[in-house]
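Notes for the one structure printed next.
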Amino acid sequence: MKKYLSIILITLLCLNIFVGCSRKEDNKQIDNENNSSKDTLDNNETNLKDITLTFASWGVSEDSTKDIFETMAAEYKKINPHVTIDYISIPFGDIKKQTFIMSASNDAPDIIQTHTAWFSTYAASDIVVPLDDLLGKAYVDDLITSLRDDYTYRGQLMGVPWAPSPYILYWNKELFEQAGLDPETPPKTYDDMIAYAKKIAKLKTDNGDKIYGFGEAADKLPINGLVALRNLYSFGGSIYDKDGNVNINTPEVKAMFTFYKKLANDDLTPTSAKLKDLRNLFSIGRLGMYMDGYYGKAVYRNLSGKGEAFDKVWGAALVPHNATGESVSIGEAHGLVISKDCKNPDVAADFIKFITDKEMITKYHQSNDVLSARKSFASDPDLNDNEIAKILVDQLNNHSHALPPNNKGMEQGFLEIAGALQKVMLVDTNVDDVIEELNNKLKGLLE
Amino acid sequence: MERILRHGISERIKDKIFLITILSPALLLLCFSIFIPILKSVYMSFFDLSLTNMTNPVFNGLKNYQEVLTEGAFLHAFKITVTYVMLIVSIQFVLGMLLSLLLNKEFRGRRVLRSIVLIPWIVPTIVVALLWMWIFQADYGLMNYVLMKIGILAEPTKWVADPNLALVAVIVAALWRQLPFMATMLLAGMQSIPQELVEAGTIDGANKWQLFRHITLPFLKNVIKTVTLVAIIENFKMFPLFWIMTAGGPMNKTTTLAVLSYQTSFIELDIGKGAAIGTLWLIILMIISAIYNKLLTEK
């Protein structure tokens, strides 16, 4: 009797599992049908149906930006009460992988925050939709040309550059003073910068810890390959030759790799560092100079333990001149893409317009120093309200080179460049051999 | 037959039906959570399939396997994996045995020490990875600070950034996490050894090494076989420690099969090739487990 009872119970359990699964499927189907009908209604009766837009972002969980993200959602709801922004928090390092996996299940968030270093992978994929028609010609034409090109793939705008930033030079005035340098005068050339870095690198902290003169991020990450382009361009180099073919077997590229090698050999920079390591070291007075976007200030204030008072300790300047004889940097941007799974792309596009318009960008700027990618107000006084902002705007608008055109192998290419940097910095690998190997890899990836 | 006819179904068949029924929920769960994903992964390994374009998989036969086996990265990752597994399991076994011998002795505070020893095992692997990444950080990590304070190091060592030390750093972190499990299992085995045998050996004049060699080790054989096999499997598929501490670097010096499979699938987004690496990795692990079982099984 007990056996029969057990069998009945177990059979019921198994049936329950199956019913549960199929019920979930049924619900999904019902949801899809509802969504379909909702779409139809939305087309006819906009503003009447409640809409939830999912927005995958790393900024929503970061201390320095979460408040402004909440403000954006709340402000948008005020003027569009039927639209709710539902943030999905995913860390910076995981967002690409997670959103691609979600998309493989046809469940990608409606809007995804991305970064220039991996945007090419999104652009070349089938998980995002072109934005030209959704945003309209006037909006697209208003984007700063170089940033618009960075978010274009095969002639179509596939993402919106948002919160752009160039890389500029940051220096620690206290360390300059301790090294016998003028704390108010940043280096004007790369040669000066290295000479200053050598002096700073002779210093020690009160605890006897090492102080680095000039930091370059070279951990094996795509973003560090992207950042290396800043140095590559300043040496007058390029990934492509004048005929558009990959060719890094040039004296300029060799000069760039030699620069990194010397930084490591002279112990001026921490090797295998991430940008966040450089920010940390800069905040605790163990790094004299490094190059970064607008992102550092909040980190410095927080990690230094001095808050706003730490702003007096550091200065920012245009990137020093190098082989080209002028300041050369690159711009990057946090981008926004709309996924193919988005049921209301027109509403998603409207939200993107809202958070990139002057009012919202100004609020974002006031909390985090971000710039605008819109020509019509990128240089407005509201966004140029302090010395750092002026330097950032000047560097972005006048001294930043465009990135190579988007290509489905570009992100992997950036990763290979970062890997090549490690080879010259961590072990005594011959620069020519590294360039030769990298050249072959990039040809395979980009051509 | 007569019995079957008389009672409808024999008791034996009834028992079998009962057995199958009672196991079916567990089998169903295993089927959904293990067998189907494995079969799906093997299936995907025969396709040209990228996460950037999941809608158009193209059957490409053995091309993924051919590429994986000829590119060199797989062999390199396999060597790193085997090196890591051999080192961690052998060091863990020796230290685990010493620790269990110590904990098996009667001394004051033994119970407290046994509890303390278990702490690293309770900590999730991801937390362990983050903790040791901070400890080994070259510029503000604890390891360099302590070693420099006590005069062992004159300059900071770049533990996880040094191609020659990165694997060692991961092994140390893994050892800290896994040693309690090994020691606890061996200790449990030791406590089942009949004390009369030890006393008889002692009366016969056996020294400590002889007691260990001829009584403790033979009695622990099955436990040793099980825990070392578990350790081999656990470490052969170790991913979080490597990914968080080194991400396979520097210069691929810590790129194991787990890391390579992940990089190929989720960084290069080549799901087909990643699945091929995963399938080869599974086959290798099964072969190693079978050989290990065969070697340690008594005839």
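Lettering and numbering for the structure tokens are positional, with chains as A, B, ... in the shown order, residues counted from 1 in each chain, and ligands counted from 1 in the shown order.
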**Study point:** Residues within 12 Å of region 202-213 of chain B, only C-alpha atoms, excluding chain neighbours under 5 positions, as a count of residues only
**Key:** 12
Exercise for review: Using only C-alpha atoms, determine which residues lie at most 12 Å from Ala74 (chain A), disregarding the query and same-chain residues fewer than 3 positions distant; provide the list as a list in words.
Suggested key: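 Contacts, in chain order: Asp67, Ile68, Phe69, Glu70, Thr71, Lys77, Lys78, Ile79, Asn80, Pro81, His82, Val83, Thr84, Ile85, Asp86, Tyr87, Phe351, Phe354, Ile355 and Met360 of chain A.
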Residues as selected, C-alpha atoms, written as a JSON list (two decimals), in the first residue's frame, can you do that?
```
[["chain", "number", "residue", "atom", "x", "y", "z"],
["A", 67, "ASP", "CA", 21.37, 58.83, -8.40],
["A", 68, "ILE", "CA", 21.40, 60.47, -11.81],
["A", 69, "PHE", "CA", 20.16, 57.25, -13.41],
["A", 70, "GLU", "CA", 17.21, 57.22, -11.04],
["A", 71, "THR", "CA", 16.61, 60.89, -11.81],
["A", 77, "LYS", "CA", 8.00, 59.24, -16.09],
["A", 78, "LYS", "CA", 6.83, 62.73, -15.17],
["A", 79, "ILE", "CA", 6.29, 63.63, -18.82],
["A", 80, "ASN", "CA", 5.41, 60.08, -19.94],
["A", 81, "PRO", "CA", 3.43, 58.59, -17.05],
["A", 82, "HIS", "CA", 2.67, 55.42, -19.02],
["A", 83, "VAL", "CA", 6.35, 54.57, -19.45],
["A", 84, "THR", "CA", 8.38, 52.93, -16.70],
["A", 85, "ILE", "CA", 12.13, 52.53, -16.97],
["A", 86, "ASP", "CA", 13.19, 49.24, -15.43],
["A", 87, "TYR", "CA", 16.96, 49.22, -14.93],
["A", 351, "PHE", "CA", 13.92, 57.91, -24.06],
["A", 354, "PHE", "CA", 15.42, 62.52, -23.62],
["A", 355, "ILE", "CA", 18.52, 61.48, -21.70],
["A", 360, "MET", "CA", 19.37, 65.86, -18.78]]
```
**Study point:** Among the residues A:Tyr139, A:Phe100, A:Tyr260, A:Trp118, the one that comes closest to Phe414 (chain A) [using only C-alpha atoms]
**Key:**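 Of A:Tyr139, A:Phe100, A:Tyr260, A:Trp118, the one nearest Phe414 (chain A), counting only C-alpha atoms, is A:Trp118.
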Exercise for review: Calculate how many Å separate CA of Ala161 (chain B) from CA of Met251 (chain B), rounding to one decimal.
Suggested key: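 According to the coordinates, CA of Ala161 (chain B) and CA of Met251 (chain B) are separated by 9.3 Å.
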**Study point:** Of the listed residues A:Gln422, A:Asn384, A:Thr356, A:Asn249, that which approaches chain B most closely, counting only C-alpha atoms
**Key:**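 That would be A:Gln422, the residue with the smallest distance to chain B.
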Exercise for review: Please report as a ChimeraX atom specification which residues of chain B come no farther than 7 Å from chain A, using only C-alpha atoms.
Suggested key: /B:18,21-22,25,51-54,161,251,266,268
Review point. Which of region 37-171 of chain B counts as alpha helix (DSSP H) under DSSP, as a ChimeraX atom specification please?
Key: /B:37-44,63-70,73-103,110-117,119-122,125-135,142-149,166-171
Exercise for review: Fewer than 6 positions away in the same chain doesn't count, so skip those; otherwise give me all residues within 12 Å of region 300-304 of chain A, counting only C-alpha atoms, as a list in words.
Suggested key: Asp63, Ser64, Tyr170, Asn172, Lys276, Asp277, Leu278, Arg279, Asn280, Leu281, Phe282, Ser283, Ile284, Gly285, Arg286, Leu287, Tyr294, Phe310, Asp311, Lys312, Val313, Trp314 and Gly315 of chain A
For the residues in that selection, give me N, CA and C atoms as a PDB file, in the first residue's frame.
```
ATOM      1  N   ASP A  63      28.130  53.931  -7.302  1.00  0.00           N
ATOM      2  CA  ASP A  63      27.810  54.990  -6.347  1.00  0.00           C
ATOM      3  C   ASP A  63      27.750  56.372  -6.994  1.00  0.00           C
ATOM      4  N   SER A  64      28.721  56.625  -7.894  1.00  0.00           N
ATOM      5  CA  SER A  64      28.830  57.974  -8.443  1.00  0.00           C
ATOM      6  C   SER A  64      27.718  58.289  -9.442  1.00  0.00           C
ATOM      7  N   TYR A 170      46.245  63.889 -16.265  1.00  0.00           N
ATOM      8  CA  TYR A 170      46.042  64.272 -14.854  1.00  0.00           C
ATOM      9  C   TYR A 170      47.393  64.222 -14.150  1.00  0.00           C
ATOM     10  N   ASN A 172      49.584  64.967 -10.288  1.00  0.00           N
ATOM     11  CA  ASN A 172      49.485  65.178  -8.842  1.00  0.00           C
ATOM     12  C   ASN A 172      50.438  66.300  -8.443  1.00  0.00           C
ATOM     13  N   LYS A 276      41.404  51.284 -13.498  1.00  0.00           N
ATOM     14  CA  LYS A 276      40.949  51.513 -12.119  1.00  0.00           C
ATOM     15  C   LYS A 276      42.125  51.422 -11.137  1.00  0.00           C
ATOM     16  N   ASP A 277      43.142  50.599 -11.455  1.00  0.00           N
ATOM     17  CA  ASP A 277      44.339  50.550 -10.606  1.00  0.00           C
ATOM     18  C   ASP A 277      45.053  51.896 -10.626  1.00  0.00           C
ATOM     19  N   LEU A 278      45.125  52.488 -11.838  1.00  0.00           N
ATOM     20  CA  LEU A 278      45.798  53.789 -11.950  1.00  0.00           C
ATOM     21  C   LEU A 278      45.040  54.856 -11.158  1.00  0.00           C
ATOM     22  N   ARG A 279      43.696  54.805 -11.262  1.00  0.00           N
ATOM     23  CA  ARG A 279      42.886  55.770 -10.487  1.00  0.00           C
ATOM     24  C   ARG A 279      43.128  55.585  -8.988  1.00  0.00           C
ATOM     25  N   ASN A 280      43.178  54.335  -8.564  1.00  0.00           N
ATOM     26  CA  ASN A 280      43.419  54.063  -7.142  1.00  0.00           C
ATOM     27  C   ASN A 280      44.770  54.610  -6.697  1.00  0.00           C
ATOM     28  N   LEU A 281      45.806  54.306  -7.488  1.00  0.00           N
ATOM     29  CA  LEU A 281      47.157  54.755  -7.126  1.00  0.00           C
ATOM     30  C   LEU A 281      47.246  56.279  -7.125  1.00  0.00           C
ATOM     31  N   PHE A 282      46.575  56.896  -8.113  1.00  0.00           N
ATOM     32  CA  PHE A 282      46.586  58.352  -8.189  1.00  0.00           C
ATOM     33  C   PHE A 282      45.907  58.948  -6.951  1.00  0.00           C
ATOM     34  N   SER A 283      44.828  58.302  -6.522  1.00  0.00           N
ATOM     35  CA  SER A 283      44.059  58.807  -5.371  1.00  0.00           C
ATOM     36  C   SER A 283      44.844  58.739  -4.065  1.00  0.00           C
ATOM     37  N   ILE A 284      45.716  57.744  -3.964  1.00  0.00           N
ATOM     38  CA  ILE A 284      46.444  57.600  -2.704  1.00  0.00           C
ATOM     39  C   ILE A 284      47.865  58.168  -2.793  1.00  0.00           C
ATOM     40  N   GLY A 285      48.084  58.992  -3.823  1.00  0.00           N
ATOM     41  CA  GLY A 285      49.363  59.698  -3.929  1.00  0.00           C
ATOM     42  C   GLY A 285      50.540  58.807  -4.283  1.00  0.00           C
ATOM     43  N   ARG A 286      50.261  57.758  -5.091  1.00  0.00           N
ATOM     44  CA  ARG A 286      51.367  56.881  -5.483  1.00  0.00           C
ATOM     45  C   ARG A 286      51.560  56.838  -7.005  1.00  0.00           C
ATOM     46  N   LEU A 287      50.945  57.803  -7.684  1.00  0.00           N
ATOM     47  CA  LEU A 287      51.122  57.899  -9.139  1.00  0.00           C
ATOM     48  C   LEU A 287      51.159  59.378  -9.497  1.00  0.00           C
ATOM     49  N   TYR A 294      36.777  61.788 -18.019  1.00  0.00           N
ATOM     50  CA  TYR A 294      36.231  62.616 -16.941  1.00  0.00           C
ATOM     51  C   TYR A 294      35.945  61.801 -15.678  1.00  0.00           C
ATOM     52  N   PHE A 310      40.461  67.100  -2.037  1.00  0.00           N
ATOM     53  CA  PHE A 310      41.498  66.466  -2.855  1.00  0.00           C
ATOM     54  C   PHE A 310      41.580  67.106  -4.250  1.00  0.00           C
ATOM     55  N   ASP A 311      40.520  67.846  -4.651  1.00  0.00           N
ATOM     56  CA  ASP A 311      40.539  68.490  -5.972  1.00  0.00           C
ATOM     57  C   ASP A 311      41.718  69.457  -6.117  1.00  0.00           C
ATOM     58  N   LYS A 312      42.179  69.984  -4.975  1.00  0.00           N
ATOM     59  CA  LYS A 312      43.304  70.934  -5.040  1.00  0.00           C
ATOM     60  C   LYS A 312      44.628  70.236  -5.285  1.00  0.00           C
ATOM     61  N   VAL A 313      44.639  68.937  -5.049  1.00  0.00           N
ATOM     62  CA  VAL A 313      45.906  68.194  -5.143  1.00  0.00           C
ATOM     63  C   VAL A 313      46.274  67.878  -6.590  1.00  0.00           C
ATOM     64  N   TRP A 314      45.262  67.802  -7.455  1.00  0.00           N
ATOM     65  CA  TRP A 314      45.569  67.386  -8.817  1.00  0.00           C
ATOM     66  C   TRP A 314      45.187  68.440  -9.846  1.00  0.00           C
ATOM     67  N   GLY A 315      45.776  68.304 -11.016  1.00  0.00           N
ATOM     68  CA  GLY A 315      45.450  69.197 -12.114  1.00  0.00           C
ATOM     69  C   GLY A 315      45.199  68.391 -13.368  1.00  0.00           C
TER      70      GLY A 315
END
```
As a PDB file with C-alpha atoms, in the first residue's frame, which residues of region 47-190 of chain A does DSSP assign to strand (DSSP E or B)?
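Below you can see selection-v4.pdb, which holds the result:
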```
ATOM      1  CA  ILE A  51       4.976  50.391 -21.249  1.00  0.00           C
ATOM      2  CA  THR A  52       8.043  49.155 -19.401  1.00  0.00           C
ATOM      3  CA  LEU A  53      11.398  49.721 -21.003  1.00  0.00           C
ATOM      4  CA  THR A  54      14.231  47.569 -19.692  1.00  0.00           C
ATOM      5  CA  PHE A  55      17.601  49.287 -19.645  1.00  0.00           C
ATOM      6  CA  ALA A  56      20.772  47.273 -18.965  1.00  0.00           C
ATOM      7  CA  SER A  57      23.447  49.472 -17.469  1.00  0.00           C
ATOM      8  CA  VAL A  83       6.355  54.570 -19.446  1.00  0.00           C
ATOM      9  CA  THR A  84       8.383  52.931 -16.700  1.00  0.00           C
ATOM     10  CA  ILE A  85      12.133  52.530 -16.967  1.00  0.00           C
ATOM     11  CA  ASP A  86      13.193  49.244 -15.428  1.00  0.00           C
ATOM     12  CA  TYR A  87      16.956  49.220 -14.932  1.00  0.00           C
ATOM     13  CA  ILE A  88      18.886  45.963 -15.105  1.00  0.00           C
ATOM     14  CA  SER A  89      22.169  46.395 -13.298  1.00  0.00           C
ATOM     15  CA  ILE A 111      18.188  49.508 -24.233  1.00  0.00           C
ATOM     16  CA  ILE A 112      21.762  48.445 -23.507  1.00  0.00           C
ATOM     17  CA  GLN A 113      24.594  50.644 -22.288  1.00  0.00           C
ATOM     18  CA  THR A 114      27.771  49.856 -24.163  1.00  0.00           C
ATOM     19  CA  HIS A 115      31.302  51.183 -24.556  1.00  0.00           C
ATOM     20  CA  VAL A 128      20.756  45.572 -32.243  1.00  0.00           C
ATOM     21  CA  LEU A 143      25.892  64.220 -33.222  1.00  0.00           C
ATOM     22  CA  THR A 152      28.262  53.778 -37.246  1.00  0.00           C
ATOM     23  CA  TYR A 153      28.619  50.440 -38.998  1.00  0.00           C
ATOM     24  CA  GLN A 156      24.080  52.982 -40.481  1.00  0.00           C
ATOM     25  CA  LEU A 157      23.984  54.496 -37.011  1.00  0.00           C
ATOM     26  CA  VAL A 160      24.096  56.621 -29.770  1.00  0.00           C
ATOM     27  CA  PRO A 161      27.285  58.072 -28.294  1.00  0.00           C
ATOM     28  CA  TRP A 162      26.372  59.148 -24.767  1.00  0.00           C
ATOM     29  CA  ALA A 163      28.558  60.691 -22.091  1.00  0.00           C
ATOM     30  CA  PRO A 164      31.642  60.964 -24.343  1.00  0.00           C
ATOM     31  CA  SER A 165      35.075  61.780 -23.056  1.00  0.00           C
ATOM     32  CA  PRO A 166      38.540  62.274 -24.445  1.00  0.00           C
ATOM     33  CA  ILE A 168      43.466  64.045 -20.924  1.00  0.00           C
ATOM     34  CA  LEU A 169      46.494  64.264 -18.635  1.00  0.00           C
ATOM     35  CA  TYR A 170      46.042  64.272 -14.854  1.00  0.00           C
ATOM     36  CA  TRP A 171      48.938  65.175 -12.591  1.00  0.00           C
ATOM     37  CA  ASN A 172      49.485  65.178  -8.842  1.00  0.00           C
ATOM     38  CA  THR A 189      55.752  67.194 -24.505  1.00  0.00           C
TER      39      THR A 189
END
```
Interface rows for region 311-384 of chain A against region 223-229 of chain A: nearest pair, Å to one decimal, 12 Å, only C-alpha atoms, as JSON lines:
```
{"residue": "A:Val328", "atom": "CA", "partner": "A:Leu229", "partner_atom": "CA", "distance": 10.1}
{"residue": "A:Ser329", "atom": "CA", "partner": "A:Leu229", "partner_atom": "CA", "distance": 8.3}
{"residue": "A:Ile330", "atom": "CA", "partner": "A:Leu229", "partner_atom": "CA", "distance": 7.4}
{"residue": "A:Gly331", "atom": "CA", "partner": "A:Val227", "partner_atom": "CA", "distance": 9.5}
{"residue": "A:Glu332", "atom": "CA", "partner": "A:Leu226", "partner_atom": "CA", "distance": 9.1}
{"residue": "A:Ala333", "atom": "CA", "partner": "A:Ile223", "partner_atom": "CA", "distance": 11.7}
```
Would you mind exporting the chosen residues as a CSV table (one decimal), in the first residue's frame, restricted to N, CA, C and O atoms?
```csv
chain,number,residue,atom,x,y,z
A,328,VAL,N,47.5,65.1,-29.1
A,328,VAL,CA,46.7,64.1,-29.8
A,328,VAL,C,46.0,63.1,-28.7
A,328,VAL,O,46.7,62.6,-27.8
A,329,SER,N,44.7,62.9,-28.9
A,329,SER,CA,44.1,62.0,-28.0
A,329,SER,C,43.0,61.2,-28.8
A,329,SER,O,42.9,61.4,-30.0
A,330,ILE,N,42.3,60.4,-28.1
A,330,ILE,CA,41.1,59.7,-28.7
A,330,ILE,C,39.9,60.0,-27.8
A,330,ILE,O,40.0,60.3,-26.6
A,331,GLY,N,38.7,60.0,-28.4
A,331,GLY,CA,37.5,60.1,-27.7
A,331,GLY,C,36.9,58.7,-27.5
A,331,GLY,O,37.1,57.8,-28.3
A,332,GLU,N,36.2,58.5,-26.5
A,332,GLU,CA,35.4,57.3,-26.3
A,332,GLU,C,34.0,57.7,-25.7
A,332,GLU,O,33.9,58.8,-25.2
A,333,ALA,N,33.1,56.8,-25.8
A,333,ALA,CA,31.8,57.2,-25.3
A,333,ALA,C,31.1,56.0,-24.7
A,333,ALA,O,31.3,54.9,-25.2
```
Study note, to complete from the structure: Using only C-alpha atoms, the best pick from A:Ala316, A:Glu359, A:Gly93, A:Ala348 as closest to Pro183 (chain A) would be A:Ala316
Check your understanding: Which residues come within 9 Å of Ala77 (chain B), counting only C-alpha atoms, excluding same-chain residues fewer than 3 positions away, as an MDAnalysis selection string?
Key -> chainID B and resid 72:74 80:82 252:260
Point to revise | Pick from B:Ile244, B:Val227, B:Ala129, B:Ala138 nearest to Asp162 (chain B), counting only C-alpha atoms | key: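 Checking each of B:Ile244, B:Val227, B:Ala129, B:Ala138 against Asp162 (chain B), counting only C-alpha atoms, the winner is B:Ala138.
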Review point. Within 12 Å of Lys188 (chain A), counting only C-alpha atoms, which residues qualify if same-chain residues fewer than 2 places away don't, as a ChimeraX atom specification?
Key: /A:169,185-186,190-196,317-322,325-328
Go ahead and dump the residues you just picked, all heavy atoms, as a short mmCIF file (atom, residue, chain, number, x, y, z; two decimals), in the first residue's frame.
```
data_model
loop_
_atom_site.label_atom_id
_atom_site.label_comp_id
_atom_site.auth_asym_id
_atom_site.auth_seq_id
_atom_site.Cartn_x
_atom_site.Cartn_y
_atom_site.Cartn_z
N LEU A 169 45.43 64.55 -19.62
CA LEU A 169 46.49 64.26 -18.64
C LEU A 169 46.08 64.74 -17.23
O LEU A 169 45.61 65.87 -17.08
CB LEU A 169 47.80 64.97 -19.04
CG LEU A 169 48.97 64.74 -18.08
CD1 LEU A 169 49.61 63.38 -18.32
CD2 LEU A 169 50.02 65.85 -18.22
N THR A 185 52.70 73.49 -13.39
CA THR A 185 53.04 73.39 -14.82
C THR A 185 53.13 71.93 -15.26
O THR A 185 54.09 71.23 -14.93
CB THR A 185 54.41 74.09 -15.10
OG1 THR A 185 54.35 75.40 -14.54
CG2 THR A 185 54.69 74.18 -16.59
N PRO A 186 52.14 71.49 -16.01
CA PRO A 186 52.19 70.11 -16.51
C PRO A 186 53.19 69.99 -17.66
O PRO A 186 53.56 71.01 -18.26
CB PRO A 186 50.76 69.88 -16.99
CG PRO A 186 50.26 71.23 -17.38
CD PRO A 186 50.93 72.20 -16.44
N TYR A 190 55.90 64.78 -24.68
CA TYR A 190 56.11 63.44 -24.14
C TYR A 190 57.49 63.33 -23.48
O TYR A 190 57.65 62.66 -22.46
CB TYR A 190 55.98 62.39 -25.25
CG TYR A 190 54.60 61.74 -25.32
CD1 TYR A 190 53.45 62.51 -25.28
CD2 TYR A 190 54.47 60.36 -25.44
CE1 TYR A 190 52.19 61.91 -25.36
CE2 TYR A 190 53.22 59.75 -25.51
CZ TYR A 190 52.08 60.54 -25.48
OH TYR A 190 50.85 59.95 -25.54
N ASP A 191 58.48 63.97 -24.09
CA ASP A 191 59.84 63.91 -23.52
C ASP A 191 59.86 64.53 -22.12
O ASP A 191 60.47 63.97 -21.20
CB ASP A 191 60.84 64.64 -24.43
CG ASP A 191 61.10 63.86 -25.72
OD1 ASP A 191 60.81 62.65 -25.72
OD2 ASP A 191 61.57 64.47 -26.70
N ASP A 192 59.19 65.69 -22.00
CA ASP A 192 59.09 66.31 -20.66
C ASP A 192 58.39 65.37 -19.69
O ASP A 192 58.79 65.22 -18.54
CB ASP A 192 58.26 67.61 -20.73
CG ASP A 192 59.01 68.74 -21.41
OD1 ASP A 192 60.22 68.58 -21.62
OD2 ASP A 192 58.36 69.76 -21.74
N MET A 193 57.32 64.78 -20.20
CA MET A 193 56.51 63.91 -19.34
C MET A 193 57.36 62.75 -18.79
O MET A 193 57.28 62.43 -17.59
CB MET A 193 55.32 63.36 -20.16
CG MET A 193 54.32 62.55 -19.39
SD MET A 193 52.87 62.20 -20.41
CE MET A 193 53.54 60.96 -21.50
N ILE A 194 58.16 62.16 -19.64
CA ILE A 194 59.00 61.04 -19.19
C ILE A 194 60.08 61.53 -18.22
O ILE A 194 60.38 60.88 -17.21
CB ILE A 194 59.64 60.31 -20.41
CG1 ILE A 194 58.54 59.69 -21.27
CG2 ILE A 194 60.65 59.26 -19.99
CD1 ILE A 194 57.65 58.71 -20.55
N ALA A 195 60.64 62.71 -18.53
CA ALA A 195 61.67 63.27 -17.63
C ALA A 195 61.06 63.55 -16.25
O ALA A 195 61.67 63.23 -15.21
CB ALA A 195 62.24 64.56 -18.23
N TYR A 196 59.86 64.12 -16.23
CA TYR A 196 59.17 64.38 -14.96
C TYR A 196 58.88 63.05 -14.23
O TYR A 196 59.04 62.94 -13.01
CB TYR A 196 57.84 65.10 -15.18
CG TYR A 196 57.93 66.54 -15.66
CD1 TYR A 196 59.13 67.12 -16.08
CD2 TYR A 196 56.78 67.33 -15.73
CE1 TYR A 196 59.18 68.42 -16.53
CE2 TYR A 196 56.84 68.65 -16.18
CZ TYR A 196 58.04 69.18 -16.58
OH TYR A 196 58.10 70.48 -17.04
N ALA A 317 45.26 68.58 -17.82
CA ALA A 317 45.77 69.34 -18.95
C ALA A 317 45.57 68.56 -20.24
O ALA A 317 45.30 67.36 -20.21
CB ALA A 317 47.26 69.63 -18.74
N LEU A 318 45.75 69.28 -21.36
CA LEU A 318 45.71 68.59 -22.65
C LEU A 318 46.85 67.57 -22.70
O LEU A 318 47.88 67.74 -22.04
CB LEU A 318 45.91 69.59 -23.79
CG LEU A 318 44.79 70.61 -24.06
CD1 LEU A 318 45.22 71.55 -25.18
CD2 LEU A 318 43.48 69.91 -24.42
N VAL A 319 46.65 66.53 -23.46
CA VAL A 319 47.70 65.51 -23.64
C VAL A 319 48.94 66.19 -24.21
O VAL A 319 48.83 66.99 -25.16
CB VAL A 319 47.20 64.40 -24.61
CG1 VAL A 319 48.32 63.46 -24.99
CG2 VAL A 319 46.04 63.64 -23.97
N PRO A 320 50.14 65.95 -23.66
CA PRO A 320 51.34 66.60 -24.16
C PRO A 320 51.62 66.26 -25.64
O PRO A 320 51.15 65.24 -26.13
CB PRO A 320 52.45 66.02 -23.27
CG PRO A 320 51.76 65.54 -22.05
CD PRO A 320 50.41 65.11 -22.48
N HIS A 321 52.37 67.16 -26.27
CA HIS A 321 52.71 66.94 -27.69
C HIS A 321 53.70 65.78 -27.80
O HIS A 321 54.56 65.60 -26.94
CB HIS A 321 53.38 68.18 -28.29
CG HIS A 321 52.50 69.39 -28.25
ND1 HIS A 321 52.85 70.58 -28.83
CD2 HIS A 321 51.26 69.59 -27.72
CE1 HIS A 321 51.90 71.48 -28.64
NE2 HIS A 321 50.93 70.89 -27.95
N ASN A 322 53.59 65.06 -28.90
CA ASN A 322 54.55 63.99 -29.15
C ASN A 322 55.09 64.14 -30.57
O ASN A 322 55.24 65.27 -31.04
CB ASN A 322 53.86 62.63 -28.89
CG ASN A 322 54.84 61.50 -28.76
OD1 ASN A 322 56.03 61.73 -28.58
ND2 ASN A 322 54.36 60.28 -28.85
N GLY A 325 53.79 66.75 -33.01
CA GLY A 325 53.96 68.17 -32.68
C GLY A 325 52.70 68.83 -32.16
O GLY A 325 52.63 70.05 -32.06
N GLU A 326 51.69 68.05 -31.90
CA GLU A 326 50.46 68.63 -31.33
C GLU A 326 49.84 67.66 -30.35
O GLU A 326 50.21 66.49 -30.31
CB GLU A 326 49.47 68.96 -32.44
CG GLU A 326 49.09 67.77 -33.28
CD GLU A 326 48.19 68.14 -34.46
OE1 GLU A 326 48.28 69.28 -34.93
OE2 GLU A 326 47.42 67.28 -34.87
N SER A 327 48.92 68.17 -29.56
CA SER A 327 48.22 67.31 -28.60
C SER A 327 47.32 66.34 -29.36
O SER A 327 46.54 66.74 -30.23
CB SER A 327 47.38 68.17 -27.65
OG SER A 327 46.66 67.34 -26.79
N VAL A 328 47.45 65.08 -29.06
CA VAL A 328 46.66 64.05 -29.76
C VAL A 328 46.04 63.13 -28.72
O VAL A 328 46.71 62.62 -27.83
CB VAL A 328 47.54 63.22 -30.72
CG1 VAL A 328 46.74 62.05 -31.28
CG2 VAL A 328 48.09 64.07 -31.83
#
```
Exercise for review: Find the residues near region 179-186 of chain B: any atom within 9 Å, counting only C-alpha atoms, skip ones fewer than 6 places away on the same chain, and give them as JSON, numbers by chain.
Suggested key: {"B": [92, 93, 95, 96, 97, 98, 99, 100, 101, 103, 114, 117, 118, 119, 120, 121, 220, 223, 224, 227, 228, 231]}
Check your understanding: In Å, how far is it from CA of Tyr84 (chain B) to CA of Leu39 (chain B)?
Key ->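 These atoms are spaced 27.9 Å apart.
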Exercise for review: List the neighbours of region 56-62 of chain B out to 8 Å using only C-alpha atoms; skip same-chain residues closer than 6 positions along the sequence, and give me the result as a ChimeraX atom specification.
Suggested key: /B:46-50
